[in-house]
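S.K.: Sharing coords34.txt here; it has compact mmCIF, C-alpha atoms and all ligand atoms.
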# COMPACT_ATOMS: atom_id res chain seq x y z
CA MET A 68 -71.70 -199.15 -189.92
CA SER A 69 -73.52 -202.48 -190.27
CA GLU A 70 -71.55 -205.69 -190.64
CA ALA A 71 -72.62 -208.89 -192.40
CA LYS A 72 -73.78 -211.57 -189.95
CA ILE A 73 -70.92 -213.92 -189.15
CA ILE A 74 -70.68 -217.25 -187.35
CA THR A 75 -69.29 -216.75 -183.85
CA ARG A 76 -67.14 -219.67 -182.70
CA LEU A 77 -67.27 -220.68 -179.05
CA LEU A 78 -63.73 -221.69 -178.07
CA SER A 79 -62.41 -223.26 -174.89
CA ASP A 80 -59.15 -222.54 -173.09
CA THR A 81 -57.25 -225.55 -174.53
CA PRO A 82 -53.90 -224.73 -176.21
CA ASP A 83 -55.41 -225.52 -179.63
CA ASP A 84 -58.36 -223.20 -179.17
CA LEU A 85 -56.18 -220.43 -177.72
CA ARG A 86 -53.98 -220.68 -180.80
CA GLN A 87 -57.07 -220.24 -183.01
CA ALA A 88 -58.16 -217.24 -180.98
CA ALA A 89 -54.67 -215.71 -181.20
CA ASP A 90 -54.64 -216.23 -184.99
CA LEU A 91 -57.98 -214.45 -185.28
CA LEU A 92 -56.71 -211.52 -183.19
CA ARG A 93 -53.55 -211.25 -185.26
CA ALA A 94 -55.73 -211.19 -188.40
CA GLY A 95 -57.65 -208.17 -187.08
CA GLU A 96 -60.76 -210.07 -185.94
CA LEU A 97 -62.71 -209.55 -182.70
CA VAL A 98 -62.61 -212.16 -179.93
CA GLY A 99 -64.49 -212.16 -176.62
CA ILE A 100 -61.99 -212.99 -173.87
CA PRO A 101 -62.18 -213.68 -170.15
CA THR A 102 -60.39 -211.37 -167.73
CA GLU A 103 -60.57 -211.32 -163.93
CA THR A 104 -62.88 -208.25 -164.04
CA VAL A 105 -65.47 -208.89 -166.80
CA TYR A 106 -65.29 -210.40 -170.31
CA GLY A 107 -63.55 -208.13 -172.81
CA LEU A 108 -64.17 -207.63 -176.53
CA ALA A 109 -60.61 -207.81 -177.78
CA ALA A 110 -58.82 -206.65 -180.93
CA ASP A 111 -55.24 -205.83 -181.90
CA ALA A 112 -54.81 -202.39 -180.31
CA LEU A 113 -52.30 -201.29 -182.96
CA ASN A 114 -54.62 -202.13 -185.90
CA GLY A 115 -56.93 -199.16 -186.47
CA GLN A 116 -59.38 -201.18 -188.59
CA ALA A 117 -59.70 -203.89 -185.96
CA VAL A 118 -60.28 -201.23 -183.32
CA ALA A 119 -63.00 -199.64 -185.45
CA ARG A 120 -64.79 -203.01 -185.51
CA ILE A 121 -65.00 -202.97 -181.70
CA PHE A 122 -67.00 -199.74 -181.77
CA ALA A 123 -69.29 -201.15 -184.50
CA ALA A 124 -69.89 -204.51 -182.74
CA LYS A 125 -70.71 -202.86 -179.41
CA GLY A 126 -72.58 -199.86 -180.79
CA ARG A 127 -70.12 -197.87 -178.66
CA PRO A 128 -70.05 -194.06 -178.95
CA GLN A 129 -66.92 -192.98 -180.83
CA ASP A 130 -65.86 -190.65 -178.03
CA ASN A 131 -65.54 -193.44 -175.43
CA PRO A 132 -61.91 -194.66 -175.42
CA LEU A 133 -60.70 -198.25 -174.93
CA ILE A 134 -58.34 -199.88 -172.44
CA VAL A 135 -55.21 -201.52 -173.89
CA HIS A 136 -54.24 -204.81 -172.22
CA ILE A 137 -50.62 -205.93 -171.97
CA ALA A 138 -48.87 -209.04 -170.60
CA ALA A 139 -45.76 -207.48 -169.00
CA VAL A 140 -44.95 -204.05 -167.59
CA GLU A 141 -42.35 -203.34 -170.27
CA ASP A 142 -45.05 -203.86 -172.96
CA TRP A 143 -46.24 -200.33 -172.16
CA ALA A 144 -43.07 -198.81 -173.62
CA PRO A 145 -44.32 -198.51 -177.23
CA LEU A 146 -47.75 -197.28 -176.10
CA VAL A 147 -46.92 -194.40 -173.78
CA GLN A 148 -44.65 -191.37 -173.55
CA ALA A 149 -43.17 -190.47 -170.17
CA VAL A 150 -44.10 -192.84 -167.35
CA PRO A 151 -44.34 -191.11 -163.95
CA ASP A 152 -42.85 -192.81 -160.93
CA GLU A 153 -46.36 -193.26 -159.47
CA ALA A 154 -47.24 -195.52 -162.42
CA ARG A 155 -44.21 -197.72 -161.85
CA ARG A 156 -45.03 -198.11 -158.19
CA LEU A 157 -48.69 -198.92 -158.85
CA ALA A 158 -47.68 -201.46 -161.51
CA ALA A 159 -45.29 -203.11 -159.06
CA ALA A 160 -47.99 -203.29 -156.39
CA TYR A 161 -51.14 -204.21 -158.34
CA TRP A 162 -50.21 -205.66 -161.74
CA PRO A 163 -51.25 -208.07 -162.95
CA GLY A 164 -54.68 -207.14 -161.66
CA PRO A 165 -57.84 -205.01 -161.96
CA LEU A 166 -56.10 -201.62 -162.26
CA THR A 167 -56.04 -199.38 -165.37
CA MET A 168 -53.68 -196.41 -165.59
CA ILE A 169 -54.19 -193.39 -167.83
CA LEU A 170 -50.85 -192.23 -169.26
CA ARG A 171 -49.70 -189.97 -172.11
CA ARG A 172 -50.19 -191.75 -175.44
CA SER A 173 -47.41 -192.46 -177.95
CA GLY A 174 -47.86 -192.00 -181.71
CA ARG A 175 -48.04 -195.81 -182.17
CA VAL A 176 -51.51 -196.06 -180.61
CA PRO A 177 -54.27 -195.46 -183.19
CA ALA A 178 -56.27 -192.33 -182.36
CA ALA A 179 -59.49 -194.41 -182.34
CA VAL A 180 -58.26 -196.39 -179.30
CA SER A 181 -58.10 -193.19 -177.28
CA ALA A 182 -61.11 -191.58 -178.96
CA GLY A 183 -58.84 -188.73 -180.03
CA LEU A 184 -57.47 -187.98 -176.52
CA ASP A 185 -53.71 -187.56 -176.07
CA THR A 186 -53.77 -190.23 -173.35
CA VAL A 187 -54.07 -194.01 -173.34
CA ALA A 188 -55.52 -196.41 -170.75
CA VAL A 189 -53.24 -199.40 -170.00
CA ARG A 190 -53.86 -202.51 -167.88
CA MET A 191 -52.10 -205.82 -167.26
CA PRO A 192 -54.82 -208.38 -166.47
CA SER A 193 -54.15 -211.36 -164.22
CA HIS A 194 -56.46 -213.87 -165.89
CA PRO A 195 -54.27 -216.64 -167.33
CA VAL A 196 -56.31 -216.86 -170.55
CA ALA A 197 -56.09 -213.11 -171.20
CA HIS A 198 -52.38 -213.29 -170.48
CA ALA A 199 -51.88 -216.27 -172.82
CA LEU A 200 -53.79 -214.58 -175.65
CA ILE A 201 -51.78 -211.36 -175.46
CA ARG A 202 -48.59 -213.41 -175.55
CA ALA A 203 -49.70 -215.80 -178.30
CA SER A 204 -51.09 -213.08 -180.57
CA GLY A 205 -48.11 -210.80 -179.98
CA CYS A 206 -50.57 -207.88 -179.88
CA PRO A 207 -51.49 -205.51 -177.10
CA LEU A 208 -55.27 -206.00 -176.93
CA ALA A 209 -57.77 -203.16 -176.90
CA ALA A 210 -60.70 -204.61 -175.00
CA PRO A 211 -63.77 -202.86 -173.62
CA SER A 212 -66.38 -204.92 -171.81
CA ALA A 213 -67.98 -207.41 -174.22
CA ASN A 214 -71.58 -206.19 -173.90
CA ARG A 215 -73.68 -204.16 -176.32
CA SER A 216 -73.12 -200.55 -175.32
CA GLY A 217 -75.22 -199.55 -172.31
CA SER A 218 -76.04 -203.12 -171.14
CA PRO A 219 -74.65 -204.77 -168.01
CA SER A 220 -71.13 -206.12 -168.59
CA PRO A 221 -70.91 -209.90 -169.17
CA THR A 222 -69.25 -212.02 -166.49
CA ASP A 223 -69.41 -215.36 -168.30
CA ALA A 224 -69.07 -216.60 -171.89
CA ALA A 225 -72.79 -217.34 -172.32
CA ARG A 226 -73.63 -213.68 -171.60
CA VAL A 227 -71.04 -212.58 -174.17
CA MET A 228 -72.72 -214.87 -176.72
CA GLU A 229 -76.08 -213.35 -175.84
CA ASP A 230 -74.87 -209.87 -176.87
CA MET A 231 -72.26 -210.68 -179.51
CA ASP A 232 -73.33 -213.85 -181.38
CA GLY A 233 -73.13 -213.09 -185.11
CA ARG A 234 -71.11 -209.91 -184.54
CA ILE A 235 -67.63 -211.21 -183.66
CA ALA A 236 -65.36 -214.06 -184.77
CA ALA A 237 -65.14 -216.00 -181.50
CA VAL A 238 -65.62 -216.10 -177.75
CA VAL A 239 -63.14 -217.90 -175.49
CA ASP A 240 -64.83 -219.51 -172.49
CA GLY A 241 -62.58 -219.11 -169.45
CA GLY A 242 -65.29 -219.60 -166.84
CA PRO A 243 -66.95 -216.95 -164.67
CA CYS A 244 -65.01 -213.75 -163.83
CA ARG A 245 -63.56 -213.54 -160.33
CA VAL A 246 -64.04 -209.80 -159.60
CA GLY A 247 -67.23 -209.16 -161.59
CA VAL A 248 -66.96 -205.37 -162.11
CA GLU A 249 -64.58 -203.51 -164.41
CA SER A 250 -61.11 -202.35 -163.44
CA THR A 251 -60.27 -199.35 -161.30
CA VAL A 252 -59.25 -196.46 -163.61
CA VAL A 253 -56.70 -193.97 -162.25
CA ASP A 254 -55.42 -190.96 -164.21
CA LEU A 255 -51.71 -190.32 -163.63
CA THR A 256 -51.18 -187.73 -166.36
CA GLY A 257 -51.06 -184.85 -163.87
CA CYS A 258 -48.36 -186.44 -161.72
CA ALA A 259 -45.38 -185.25 -163.78
CA ALA A 260 -46.36 -181.66 -162.96
CA GLY A 261 -46.85 -182.44 -159.26
CA GLY A 262 -50.60 -183.17 -159.47
CA ARG A 263 -52.32 -186.00 -157.60
CA PRO A 264 -53.47 -189.27 -159.11
CA ARG A 265 -57.18 -189.08 -159.88
CA LEU A 266 -59.63 -191.96 -159.49
CA LEU A 267 -61.93 -191.92 -162.54
CA ARG A 268 -63.67 -195.26 -161.99
CA PRO A 269 -63.69 -197.40 -158.83
CA GLY A 270 -63.05 -201.13 -159.22
CA GLY A 271 -61.26 -204.12 -157.76
CA VAL A 272 -58.31 -202.06 -156.46
CA THR A 273 -59.74 -199.68 -153.86
CA ALA A 274 -58.89 -195.99 -153.30
CA THR A 275 -57.28 -196.97 -149.99
CA GLN A 276 -55.07 -199.50 -151.76
CA LEU A 277 -54.01 -196.84 -154.28
CA GLU A 278 -53.25 -194.36 -151.49
CA ALA A 279 -51.12 -196.93 -149.66
CA VAL A 280 -48.74 -196.79 -152.65
CA VAL A 281 -48.96 -193.24 -154.06
CA GLY A 282 -50.36 -191.09 -151.24
CA PRO A 283 -53.53 -188.98 -151.52
CA VAL A 284 -55.76 -189.67 -154.52
CA GLU A 285 -58.47 -187.34 -155.79
CA ILE A 286 -61.86 -188.89 -156.47
CA ASP A 287 -63.46 -187.62 -159.68
CA PRO A 288 -66.96 -186.23 -158.98
CA ALA A 289 -68.41 -188.58 -161.64
CA VAL A 290 -67.62 -191.58 -159.39
CA THR A 291 -70.52 -190.96 -157.03
CA GLY A 292 -72.61 -188.40 -158.85
CA ARG A 293 -74.12 -187.46 -162.14
CA LEU A 294 -72.19 -185.09 -164.40
CA ALA A 295 -73.87 -181.76 -164.92
CA GLU A 296 -75.09 -181.04 -168.46
CA GLY A 297 -72.23 -179.75 -170.63
CA VAL A 298 -69.39 -180.74 -168.25
CA ALA A 299 -66.58 -182.67 -170.01
CA ALA A 300 -66.08 -186.14 -168.52
CA ALA A 301 -62.54 -187.03 -167.42
CA SER A 302 -63.51 -190.63 -168.16
CA PRO A 303 -65.92 -190.43 -171.10
CA GLY A 304 -67.51 -193.78 -170.19
CA MET A 305 -68.86 -192.27 -166.99
CA LYS A 306 -71.18 -189.88 -168.77
CA TYR A 307 -73.33 -192.51 -170.41
CA LYS A 308 -76.32 -194.30 -168.94
CA HIS A 309 -74.64 -197.56 -168.27
CA TYR A 310 -75.02 -201.10 -167.03
CA ALA A 311 -78.76 -200.64 -167.36
CA PRO A 312 -81.25 -203.49 -167.69
CA ALA A 313 -84.57 -202.81 -169.41
CA ALA A 314 -86.20 -202.91 -165.96
CA ARG A 315 -86.41 -199.68 -163.98
CA VAL A 316 -84.02 -199.94 -161.05
CA VAL A 317 -84.50 -197.76 -157.96
CA ILE A 318 -81.97 -197.77 -155.13
CA VAL A 319 -83.57 -197.80 -151.66
CA ARG A 320 -81.45 -196.41 -148.86
CA GLY A 321 -82.31 -197.43 -145.29
CA THR A 322 -81.91 -200.18 -142.68
CA PRO A 323 -82.72 -203.77 -143.71
CA GLU A 324 -86.07 -203.41 -141.89
CA ASP A 325 -86.86 -200.12 -143.67
CA TYR A 326 -85.97 -201.73 -146.99
CA ALA A 327 -88.20 -204.77 -146.44
CA ALA A 328 -91.15 -202.63 -145.33
CA PHE A 329 -90.71 -200.29 -148.30
CA VAL A 330 -90.53 -203.09 -150.87
CA ASN A 331 -93.32 -205.19 -149.35
CA GLY A 332 -95.54 -202.09 -149.41
CA ARG A 333 -95.09 -201.93 -153.19
CA ALA A 334 -95.70 -205.60 -154.03
CA GLY A 335 -97.48 -205.97 -157.36
CA GLN A 336 -97.25 -206.91 -161.01
CA GLY A 337 -93.67 -206.73 -162.28
CA VAL A 338 -92.18 -205.49 -158.97
CA ALA A 339 -89.14 -207.27 -157.57
CA ALA A 340 -86.36 -206.83 -155.05
CA LEU A 341 -82.72 -206.61 -156.08
CA CYS A 342 -81.61 -207.54 -152.61
CA PHE A 343 -78.90 -209.13 -150.49
CA GLU A 344 -79.07 -212.84 -149.64
CA GLU A 345 -79.99 -212.00 -146.04
CA ASP A 346 -83.03 -209.94 -147.13
CA ARG A 347 -84.85 -212.81 -148.86
CA GLY A 348 -86.66 -214.15 -145.79
CA ALA A 349 -88.34 -210.80 -145.02
CA LEU A 350 -89.46 -210.00 -148.57
CA ARG A 351 -92.86 -210.82 -150.11
CA VAL A 352 -91.97 -209.97 -153.72
CA PRO A 353 -89.82 -211.96 -156.21
CA CYS A 354 -86.16 -211.60 -155.26
CA VAL A 355 -82.98 -211.47 -157.30
CA SER A 356 -80.05 -211.26 -154.94
CA TYR A 357 -76.64 -209.75 -155.56
CA GLY A 358 -74.33 -211.04 -152.86
CA ARG A 359 -74.24 -210.69 -149.09
CA ARG A 360 -74.88 -207.43 -147.20
CA ASP A 361 -71.48 -207.09 -145.53
CA ASP A 362 -69.45 -208.60 -148.36
CA PRO A 363 -68.87 -206.08 -151.17
CA ALA A 364 -66.67 -208.53 -153.08
CA SER A 365 -69.64 -210.93 -153.30
CA GLN A 366 -71.84 -208.03 -154.48
CA ALA A 367 -69.34 -207.07 -157.21
CA HIS A 368 -69.16 -210.70 -158.26
CA SER A 369 -72.94 -211.04 -158.74
CA LEU A 370 -74.26 -207.57 -159.64
CA PHE A 371 -74.15 -207.68 -163.46
CA GLU A 372 -75.55 -211.20 -163.61
CA ALA A 373 -78.36 -210.15 -161.26
CA LEU A 374 -79.17 -207.14 -163.48
CA ARG A 375 -79.47 -209.42 -166.51
CA ARG A 376 -81.71 -211.82 -164.56
CA LEU A 377 -84.19 -209.02 -163.84
CA ASP A 378 -84.90 -208.75 -167.56
CA GLU A 379 -85.07 -212.51 -168.05
CA GLN A 380 -87.75 -212.64 -165.38
CA GLY A 381 -89.76 -209.85 -167.01
CA ILE A 382 -89.37 -207.55 -164.02
CA ARG A 383 -90.58 -204.00 -164.66
CA THR A 384 -89.38 -202.28 -161.47
CA ALA A 385 -86.65 -203.55 -159.15
CA TYR A 386 -86.08 -201.94 -155.77
CA ALA A 387 -82.40 -202.38 -154.98
CA ALA A 388 -80.93 -202.66 -151.49
CA CYS A 389 -78.29 -199.93 -151.21
CA PRO A 390 -74.69 -201.16 -150.86
CA SER A 391 -72.19 -199.48 -148.59
CA ALA A 392 -69.95 -197.22 -150.68
CA GLU A 393 -66.85 -198.09 -148.65
CA GLY A 394 -63.81 -199.90 -150.05
CA MET A 395 -64.78 -202.32 -152.81
CA GLY A 396 -68.38 -201.23 -152.17
CA LEU A 397 -67.66 -197.95 -153.99
CA ALA A 398 -67.32 -199.87 -157.27
CA VAL A 399 -70.62 -201.65 -156.62
CA TYR A 400 -72.41 -198.41 -155.70
CA ASN A 401 -70.97 -196.63 -158.77
CA ARG A 402 -72.32 -199.33 -161.15
CA LEU A 403 -75.68 -199.69 -159.41
CA LEU A 404 -76.18 -195.91 -159.43
CA ARG A 405 -75.79 -195.89 -163.21
CA ALA A 406 -77.99 -198.96 -163.66
CA ALA A 407 -80.60 -197.00 -161.68
CA GLY A 408 -80.17 -193.86 -163.79
CA PHE A 409 -79.25 -192.14 -160.46
CA GLU A 410 -82.70 -192.82 -158.95
CA VAL A 411 -82.22 -193.18 -155.19
CA ILE A 412 -84.96 -193.15 -152.54
CA ASP A 413 -84.05 -192.53 -148.93
CA VAL A 414 -86.67 -194.32 -146.83
CA ASN A 415 -86.36 -191.61 -144.23
CA GLY A 416 -87.76 -189.05 -146.56
CA GLN A 417 -85.25 -187.70 -149.05
CA THR A 418 -85.32 -188.57 -152.72
CA THR A 419 -82.54 -187.83 -155.17
CA GLY A 420 -82.15 -188.44 -158.87
CA SER A 421 -84.71 -188.37 -161.65
P1 LIG B 501 -64.64 -200.49 -170.52
O1 LIG B 501 -63.69 -200.79 -171.62
O2 LIG B 501 -66.03 -200.86 -170.83
O3 LIG B 501 -64.13 -201.02 -169.24
O4 LIG B 501 -64.57 -198.93 -170.44
C1 LIG B 501 -63.31 -198.29 -170.38
C2 LIG B 501 -63.37 -197.14 -169.44
O5 LIG B 501 -62.09 -196.51 -169.37
C3 LIG B 501 -64.37 -196.09 -169.89
O6 LIG B 501 -65.05 -195.55 -168.77
C4 LIG B 501 -63.48 -195.08 -170.56
O7 LIG B 501 -64.08 -193.82 -170.58
C5 LIG B 501 -62.21 -195.15 -169.70
N1 LIG B 501 -61.03 -194.74 -170.47
C6 LIG B 501 -60.40 -195.44 -171.43
N2 LIG B 501 -59.38 -194.72 -171.95
C7 LIG B 501 -59.36 -193.55 -171.29
C8 LIG B 501 -58.54 -192.38 -171.37
N3 LIG B 501 -57.55 -192.28 -172.25
N4 LIG B 501 -58.83 -191.36 -170.54
C9 LIG B 501 -59.85 -191.45 -169.65
N5 LIG B 501 -60.66 -192.53 -169.52
C10 LIG B 501 -60.43 -193.57 -170.34
MG MG B 502 -68.04 -201.18 -170.55
Using structure tokens, write down the structure that the file contains.
Ligand code: AMP
Ligand code: MG
M.R.:
Amino acid sequence: MSEAKIITRLLSDTPDDLRQAADLLRAGELVGIPTETVYGLAADALNGQAVARIFAAKGRPQDNPLIVHIAAVEDWAPLVQAVPDEARRLAAAYWPGPLTMILRRSGRVPAAVSAGLDTVAVRMPSHPVAHALIRASGCPLAAPSANRSGSPSPTDAARVMEDMDGRIAAVVDGGPCRVGVESTVVDLTGCAAGGRPRLLRPGGVTATQLEAVVGPVEIDPAVTGRLAEGVAAASPGMKYKHYAPAARVVIVRGTPEDYAAFVNGRAGQGVAALCFEEDRGALRVPCVSYGRRDDPASQAHSLFEALRRLDEQGIRTAYAACPSAEGMGLAVYNRLLRAAGFEVIDVNGQTTGS
């Protein structure tokens, strides 16, 4: 479906502008909104036509469902069927915040939101602007990341404009996103029958934090690996090549010294390092850094912006320093792995991926 080119308004977070944005949402239009994770492309989740526009504006595959954002725990009542006790406890511990829960869907949620699944993804964001817009519009907001499908998610309003100018009614500038990667997604639909919660996508709430509240959590194999051909994805978004810049990204696993030697040995036209701040001094190729080596929160905060910078600088191949996959690092590793199309080189000899 192609849409006529429209003028995209850039709004601020003043009460007047938020009112305009809320009016647009209520009228079924699309608005780019800040959240604490990444910018979202929001529409009234209960308006099937508005939801269809999200898929068109992003070029998003129809089988990739959307997350519905609410402003208070009780707002989930019309969206879901039975709510397991685990969901209530996680909401009490981590909402508002970067945690999405998969629950059984009610008949009120348009099928397009859930891409035909009988479940729905629900999150209560903590960003004050997201919160204010849900309240002011009176709509639960379906909002995937506000990038063109496949590109790195936008973490500030200018990046949303880059992808969405002329495709959506407005973007609300709420400053840069605090977390920088998308929410943790946990599937609780098996809990009623005694099953464990299942982590489908790592994010700002870590597996350890989930386990502190609900006990053992299963990690879906798609979190750290590539789905085999023909295997159904528990989280459809995980099966797509994702977060990818035009540049080829290769993850290099090894000590900081191994990494520097490997990258310096490949210096040449269009080669760059996607490195940690601390690596810069030892590298003899152009560097784009994504945070500090022992600070996964700083890596999450900068990764998507760094991926977009690679393309702005005309980089053809970026060798990425490998993050630790512990704690918040798992979310960083999960995104980088997809940006790299699963191409990982172990400096000590083993190569995985394509
Ligand atoms: P994004 O909106 O870009 O953060 O992507 C939303 C993510 O949540 C994607 O990976 C989806 O596949 C996943 N998701 C949304 N709804 C569901 C659902 N009902 N079941 C499983 N995964 C979901
Ligand atoms: Mg996305």
S.K.: Counting only C-alpha atoms, find the residues whose atoms lie at most 7 Å from (-57.3, -207.7, -177.4) (file coordinates) and write them out as a ChimeraX atom specification.
M.R.: /A:92,108-112,136,201,207-210
S.K.: Quick one: residues within 10 Å of region 153-170 of chain A, only C-alpha atoms counted, chain neighbours fewer than 5 positions away excluded, as number ranges by chain?
M.R.: A: 102-105, 134-140, 143, 146-148, 185-194, 198, 246, 248-259, 263-273, 276-282, 302
S.K.: Report, in Å with one decimal, the straight-line distance from CA of Ala340 (chain A) to CA of Val352 (chain A).
M.R.: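 CA of Ala340 (chain A) sits 6.6 Å away from CA of Val352 (chain A).
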S.K.: Mind pulling up the distance from CA of Arg376 (chain A) to CA of Pro363 (chain A)?
M.R.: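 Separation of CA of Pro363 (chain A) and CA of Arg376 (chain A): 19.4 Å.
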S.K.: Could you give me, as JSON lines, a per-residue list for chain A showing, wherever an atom lies at most 12 Å from an atom of ligand MG 502 (chain B), the closest pair of atoms and their distance in Å to one decimal, using only C-alpha atoms and all ligand atoms and sorting by chain then residue number from low to high?
M.R.:
{"residue": "A:Thr104", "atom": "CA", "partner": "B:MG502", "partner_atom": "MG", "distance": 10.9}
{"residue": "A:Val105", "atom": "CA", "partner": "B:MG502", "partner_atom": "MG", "distance": 9.0}
{"residue": "A:Tyr106", "atom": "CA", "partner": "B:MG502", "partner_atom": "MG", "distance": 9.6}
{"residue": "A:Gly107", "atom": "CA", "partner": "B:MG502", "partner_atom": "MG", "distance": 8.6}
{"residue": "A:Leu108", "atom": "CA", "partner": "B:MG502", "partner_atom": "MG", "distance": 9.6}
{"residue": "A:Ile121", "atom": "CA", "partner": "B:MG502", "partner_atom": "MG", "distance": 11.7}
{"residue": "A:Phe122", "atom": "CA", "partner": "B:MG502", "partner_atom": "MG", "distance": 11.4}
{"residue": "A:Lys125", "atom": "CA", "partner": "B:MG502", "partner_atom": "MG", "distance": 9.4}
{"residue": "A:Gly126", "atom": "CA", "partner": "B:MG502", "partner_atom": "MG", "distance": 11.3}
{"residue": "A:Arg127", "atom": "CA", "partner": "B:MG502", "partner_atom": "MG", "distance": 9.0}
{"residue": "A:Pro128", "atom": "CA", "partner": "B:MG502", "partner_atom": "MG", "distance": 11.2}
{"residue": "A:Asn131", "atom": "CA", "partner": "B:MG502", "partner_atom": "MG", "distance": 9.5}
{"residue": "A:Pro132", "atom": "CA", "partner": "B:MG502", "partner_atom": "MG", "distance": 10.2}
{"residue": "A:Leu133", "atom": "CA", "partner": "B:MG502", "partner_atom": "MG", "distance": 9.0}
{"residue": "A:Ile134", "atom": "CA", "partner": "B:MG502", "partner_atom": "MG", "distance": 10.0}
{"residue": "A:Ala210", "atom": "CA", "partner": "B:MG502", "partner_atom": "MG", "distance": 9.2}
{"residue": "A:Pro211", "atom": "CA", "partner": "B:MG502", "partner_atom": "MG", "distance": 5.5}
{"residue": "A:Ser212", "atom": "CA", "partner": "B:MG502", "partner_atom": "MG", "distance": 4.3}
{"residue": "A:Ala213", "atom": "CA", "partner": "B:MG502", "partner_atom": "MG", "distance": 7.2}
{"residue": "A:Asn214", "atom": "CA", "partner": "B:MG502", "partner_atom": "MG", "distance": 7.0}
{"residue": "A:Arg215", "atom": "CA", "partner": "B:MG502", "partner_atom": "MG", "distance": 8.6}
{"residue": "A:Ser216", "atom": "CA", "partner": "B:MG502", "partner_atom": "MG", "distance": 7.0}
{"residue": "A:Gly217", "atom": "CA", "partner": "B:MG502", "partner_atom": "MG", "distance": 7.6}
{"residue": "A:Ser218", "atom": "CA", "partner": "B:MG502", "partner_atom": "MG", "distance": 8.3}
{"residue": "A:Pro219", "atom": "CA", "partner": "B:MG502", "partner_atom": "MG", "distance": 7.9}
{"residue": "A:Ser220", "atom": "CA", "partner": "B:MG502", "partner_atom": "MG", "distance": 6.1}
{"residue": "A:Pro221", "atom": "CA", "partner": "B:MG502", "partner_atom": "MG", "distance": 9.3}
{"residue": "A:Thr222", "atom": "CA", "partner": "B:MG502", "partner_atom": "MG", "distance": 11.6}
{"residue": "A:Val248", "atom": "CA", "partner": "B:MG502", "partner_atom": "MG", "distance": 9.5}
{"residue": "A:Glu249", "atom": "CA", "partner": "B:MG502", "partner_atom": "MG", "distance": 7.4}
{"residue": "A:Ser250", "atom": "CA", "partner": "B:MG502", "partner_atom": "MG", "distance": 10.0}
{"residue": "A:Arg268", "atom": "CA", "partner": "B:MG502", "partner_atom": "MG", "distance": 11.3}
{"residue": "A:Ser302", "atom": "CA", "partner": "B:MG502", "partner_atom": "MG", "distance": 11.7}
{"residue": "A:Pro303", "atom": "CA", "partner": "B:MG502", "partner_atom": "MG", "distance": 11.0}
{"residue": "A:Gly304", "atom": "CA", "partner": "B:MG502", "partner_atom": "MG", "distance": 7.4}
{"residue": "A:Met305", "atom": "CA", "partner": "B:MG502", "partner_atom": "MG", "distance": 9.6}
{"residue": "A:Lys306", "atom": "CA", "partner": "B:MG502", "partner_atom": "MG", "distance": 11.9}
{"residue": "A:Tyr307", "atom": "CA", "partner": "B:MG502", "partner_atom": "MG", "distance": 10.2}
{"residue": "A:Lys308", "atom": "CA", "partner": "B:MG502", "partner_atom": "MG", "distance": 10.9}
{"residue": "A:His309", "atom": "CA", "partner": "B:MG502", "partner_atom": "MG", "distance": 7.9}
{"residue": "A:Tyr310", "atom": "CA", "partner": "B:MG502", "partner_atom": "MG", "distance": 7.8}
{"residue": "A:Ala311", "atom": "CA", "partner": "B:MG502", "partner_atom": "MG", "distance": 11.2}
{"residue": "A:Phe371", "atom": "CA", "partner": "B:MG502", "partner_atom": "MG", "distance": 11.4}
{"residue": "A:Arg402", "atom": "CA", "partner": "B:MG502", "partner_atom": "MG", "distance": 10.5}
{"residue": "A:Arg405", "atom": "CA", "partner": "B:MG502", "partner_atom": "MG", "distance": 11.9}
S.K.: State, in Å with one decimal place, the distance from CA of Gly321 (chain A) to CA of Ser356 (chain A).
M.R.: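 These two atoms are separated by 17.0 Å.
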S.K.: Of the residues A:Val290, A:Ala225, A:Val150, A:Ala88, which is the one nearest to ligand LIG 501 (chain B), using only C-alpha atoms and all ligand atoms?
M.R.: A:Val290
S.K.: For a quick check of understanding, using only C-alpha atoms and all ligand atoms, which of A:Leu294, A:Ala199, A:Ala301, A:Leu97 has the smallest distance to ligand LIG 501 (chain B)?
M.R.: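 Closest to ligand LIG 501 (chain B), using only C-alpha atoms and all ligand atoms: A:Ala301.
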S.K.: For ligand LIG 501 (chain B), which of A:Pro390, A:Gly358, A:Pro177, A:Gly408 is the closest residue, counting all atoms listed in the file?
M.R.: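 Under the stated criterion, the closest residue is A:Pro177.
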S.K.: At a cut-off of 9 Å, using only C-alpha atoms, what residues contact region 384-387 of chain A? Leave out same-chain residues fewer than 3 positions from it and give the result as number ranges by chain.
M.R.: A: 314-320, 326, 329-330, 337-343, 354-355, 377, 390, 403, 407
S.K.: Name the residues in contact with Pro145 (chain A) at a cut-off of 10 Å, using only C-alpha atoms, excluding same-chain residues fewer than 4 positions from it; report them as a PyMOL selection string.
M.R.: chain A and resi 141+172-176
S.K.: With distances taken over all atoms listed in the file, which residue among A:Gly233, A:Pro195, A:Gly292, A:Gly205 lies nearest Phe409 (chain A)?
M.R.: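 Under the stated criterion, the closest residue is A:Gly292.
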S.K.: With only C-alpha atoms as the atoms that count, which of A:Ala89, A:Val399, A:Asp378, A:Asp413 lies nearest to Val239 (chain A)?
M.R.: A:Ala89
S.K.: Using all atoms listed in the file, which of the listed residues (A:Thr275, A:Gln129, A:Ser181, A:Asn114) sits closest to ligand LIG 501 (chain B)?
M.R.: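 Comparing A:Thr275, A:Gln129, A:Ser181, A:Asn114 against ligand LIG 501 (chain B), the winner is A:Ser181.
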S.K.: Padding of 6 Å on every side, edges along x, y and z, all listed atoms of ligand LIG 501 (chain B) included: what centre and edge lengths in Å, to one decimal, does that box have, as AutoDock Vina command-line options?
M.R.:
--center_x -61.8 --center_y -196.2 --center_z -170.5 --size_x 20.5 --size_y 21.7 --size_z 15.5
